[in-house]
$ cat my_file_24.txt   # compact mmCIF, C-alpha atoms
# COMPACT_ATOMS: atom_id res chain seq x y z
CA MET Z 6 0.00 0.00 0.00
CA PRO Z 7 1.64 3.29 -1.04
CA ARG Z 8 1.96 5.92 1.67
CA ARG Z 9 1.48 9.58 1.07
CA ARG Z 10 4.64 11.51 1.77
CA ASP Z 11 4.23 14.66 3.85
CA LYS Z 12 5.50 17.82 2.21
CA ALA Z 13 7.57 20.07 4.44
CA ASP Z 14 6.13 23.24 2.93
CA GLU Z 15 2.51 22.10 2.96
CA THR Z 16 0.23 24.51 4.84
CA VAL Z 17 -2.36 22.92 7.08
CA ILE Z 18 -5.65 24.82 7.12
CA SER Z 19 -7.24 24.93 10.52
CA VAL Z 20 -10.99 25.04 10.96
CA THR Z 21 -10.55 28.06 13.21
CA SER Z 22 -9.19 30.08 10.28
CA ALA Z 23 -12.41 29.63 8.28
CA GLN Z 24 -14.49 32.75 7.67
CA PRO Z 25 -18.09 32.95 8.93
CA GLY Z 26 -20.66 31.48 6.57
CA ARG Z 27 -22.92 33.46 4.27
CA SER Z 28 -25.98 32.74 6.39
CA GLU Z 29 -24.33 34.34 9.42
CA ASP Z 30 -23.37 37.37 7.31
CA LEU Z 31 -26.91 37.68 5.99
CA ASP Z 32 -28.38 37.42 9.49
CA SER Z 33 -26.11 40.17 10.79
CA ARG Z 34 -27.00 42.44 7.86
CA ILE Z 35 -30.71 41.88 8.46
CA VAL Z 36 -30.28 42.77 12.13
CA ARG Z 37 -28.36 45.97 11.25
CA TYR Z 38 -31.09 47.01 8.80
CA ALA Z 39 -33.86 46.28 11.31
CA TRP Z 40 -32.11 48.39 13.98
CA MET Z 41 -31.77 51.32 11.59
CA MET Z 42 -35.42 51.13 10.57
CA SER Z 43 -36.50 51.00 14.22
CA LEU Z 44 -34.39 54.10 14.80
CA ARG Z 45 -36.28 55.72 11.91
CA ILE Z 46 -39.60 54.92 13.59
CA VAL Z 47 -38.31 56.51 16.79
CA CYS Z 48 -37.37 59.62 14.78
CA PHE Z 49 -40.89 59.86 13.35
CA VAL Z 50 -42.44 59.52 16.81
CA LEU Z 51 -40.11 62.14 18.26
CA ALA Z 52 -40.86 64.46 15.33
CA VAL Z 53 -44.52 64.38 16.32
CA LEU Z 54 -43.88 64.82 20.05
CA THR Z 55 -41.14 67.48 20.12
CA PRO Z 56 -41.28 71.25 19.54
CA SER Z 57 -40.41 72.86 16.21
CA PRO Z 58 -36.58 73.18 16.13
CA TRP Z 59 -36.06 69.55 17.19
CA ARG Z 60 -38.92 68.35 15.03
CA TRP Z 61 -37.12 69.29 11.82
CA MET Z 62 -33.96 67.56 12.91
CA PHE Z 63 -35.88 64.31 13.54
CA ILE Z 64 -37.70 64.61 10.20
CA VAL Z 65 -34.41 65.05 8.33
CA ALA Z 66 -32.96 62.06 10.19
CA ALA Z 67 -36.02 59.95 9.34
CA VAL Z 68 -35.73 60.92 5.66
CA PHE Z 69 -32.02 60.06 5.32
CA LEU Z 70 -31.90 56.97 7.54
CA PRO Z 71 -33.23 54.56 4.87
CA SER Z 72 -30.37 55.30 2.48
CA VAL Z 73 -27.82 54.98 5.29
CA ALA Z 74 -29.48 51.75 6.44
CA VAL Z 75 -29.29 50.21 2.97
CA VAL Z 76 -25.62 51.12 2.58
CA LEU Z 77 -24.75 49.72 6.01
CA ALA Z 78 -26.85 46.59 5.51
CA ASN Z 79 -25.22 45.83 2.16
CA ALA Z 80 -21.71 46.42 3.44
CA ARG Z 81 -20.03 43.12 4.10
CA ARG Z 82 -17.82 42.71 7.07
CA THR Z 83 -14.25 43.03 5.95
CA SER Z 84 -12.65 41.92 9.18
CA LYS Z 85 -10.86 38.65 8.78
CA VAL Z 86 -10.78 36.01 11.44
CA SER Z 87 -7.21 35.55 12.45
CA GLY Z 88 -6.16 31.99 11.92
CA ALA Z 89 -4.49 29.73 14.38
CA ALA Z 90 -0.81 28.93 14.17
CA VAL Z 91 0.14 26.53 11.39
CA TYR Z 92 0.33 22.94 12.61
CA VAL Z 93 3.81 21.48 12.43
CA PRO Z 94 3.78 17.72 12.93
CA PRO Z 95 6.39 16.28 15.27
CA ALA Z 96 9.43 14.62 13.74
CA ARG Z 97 9.08 10.87 13.23
CA GLY Z 98 11.63 8.55 14.71
CA GLU Z 99 13.71 6.37 12.42
CA LEU Z 100 14.41 2.68 12.79
CA GLY Z 101 18.03 1.90 13.46
CA PRO Z 102 19.96 -0.97 11.87
CA ASP Z 103 19.46 -3.11 14.97
CA LEU Z 104 15.64 -2.67 14.82
CA ASP Z 105 15.26 -3.60 11.17
CA THR Z 106 12.43 -6.15 10.94
CA GLU Z 107 13.07 -7.31 7.36
CA LYS Z 108 15.98 -9.68 8.20
$ encode --input "my_file_24.txt" --output "C-alpha cells"
Amino acid sequence: MPRRRDKADETVISVTSAQPGRSEDLDSRIVRYAWMMSLRIVCFVLAVLTPSPWRWMFIVAAVFLPSVAVVLANARRTSKVSGAAVYVPPARGELGPDLDTEK
C-alpha cells in the first residue's frame, strides 16, 4: 500500500481560520437594517412629540436613515478572522539498523 509523503512546505488549514458562513453574514446584515429602521420609527415619533426646532432635525434624520441603512446593511464585514498557528507535525523517529524487521 503506497503511503502519502508529507510535504515540508505544505500549509495545514485549521478550521478556526475559516471565515463565517454566508448565512451568518446575511443574518447580521438583516439585524443591522432592522435596527436602523427601528431608529427611523423613533425619529418619526419624536418628530410628532417634540417642539419645532427639534422636530425638523428628527424629520431630516427619518428621511435620510433609509439610504444609510441600505448602505450599512449591504456592506459586508471586511474583518478577517485571524487563523491559528500553522500545525507542524512532530518529527518521526527512524528505525536503526538493529531494529530492522526485514531480516
$ residues_around --input "my_file_24.txt" --residues "region 46-50 of chain Z" --least-positions-apart "6" --cutoff "8 Å" --atoms "only C-alpha atoms" --output "count of residues only"
4
$ residues_around --input "my_file_24.txt" --residues "Asn79 (chain Z)" --least-positions-apart "4" --cutoff "12 Å" --atoms "all atoms listed in the file" --output "PDB file with C-alpha atoms, in the coordinates of the input"
ATOM      1  CA  ASP Z  30     -23.370  37.370   7.310  1.00  0.00           C
ATOM      2  CA  LEU Z  31     -26.910  37.680   5.990  1.00  0.00           C
ATOM      3  CA  ASP Z  32     -28.380  37.420   9.490  1.00  0.00           C
ATOM      4  CA  SER Z  33     -26.110  40.170  10.790  1.00  0.00           C
ATOM      5  CA  ARG Z  34     -27.000  42.440   7.860  1.00  0.00           C
ATOM      6  CA  ILE Z  35     -30.710  41.880   8.460  1.00  0.00           C
ATOM      7  CA  VAL Z  36     -30.280  42.770  12.130  1.00  0.00           C
ATOM      8  CA  ARG Z  37     -28.360  45.970  11.250  1.00  0.00           C
ATOM      9  CA  TYR Z  38     -31.090  47.010   8.800  1.00  0.00           C
ATOM     10  CA  SER Z  72     -30.370  55.300   2.480  1.00  0.00           C
ATOM     11  CA  VAL Z  73     -27.820  54.980   5.290  1.00  0.00           C
ATOM     12  CA  ALA Z  74     -29.480  51.750   6.440  1.00  0.00           C
ATOM     13  CA  VAL Z  75     -29.290  50.210   2.970  1.00  0.00           C
ATOM     14  CA  THR Z  83     -14.250  43.030   5.950  1.00  0.00           C
TER      15      THR Z  83
END
$ atom_distance --input "my_file_24.txt" --atom1 "CA of Arg27 (chain Z)" --atom2 "CA of Phe69 (chain Z)"
28.1 Å
$ atom_distance --input "my_file_24.txt" --atom1 "CA of Pro71 (chain Z)" --atom2 "CA of Leu44 (chain Z)"
10.0 Å
$ atom_distance --input "my_file_24.txt" --atom1 "CA of Gly26 (chain Z)" --atom2 "CA of Trp40 (chain Z)"
21.7 Å
$ axis_aligned_box --input "my_file_24.txt" --around "region 63-69 of chain Z" --padding-each-side "4 Å" --output "lines of an AutoDock Vina configuration file"
center_x = -34.9
center_y = 62.5
center_z = 9.4
size_x = 13.7
size_y = 13.1
size_z = 16.2
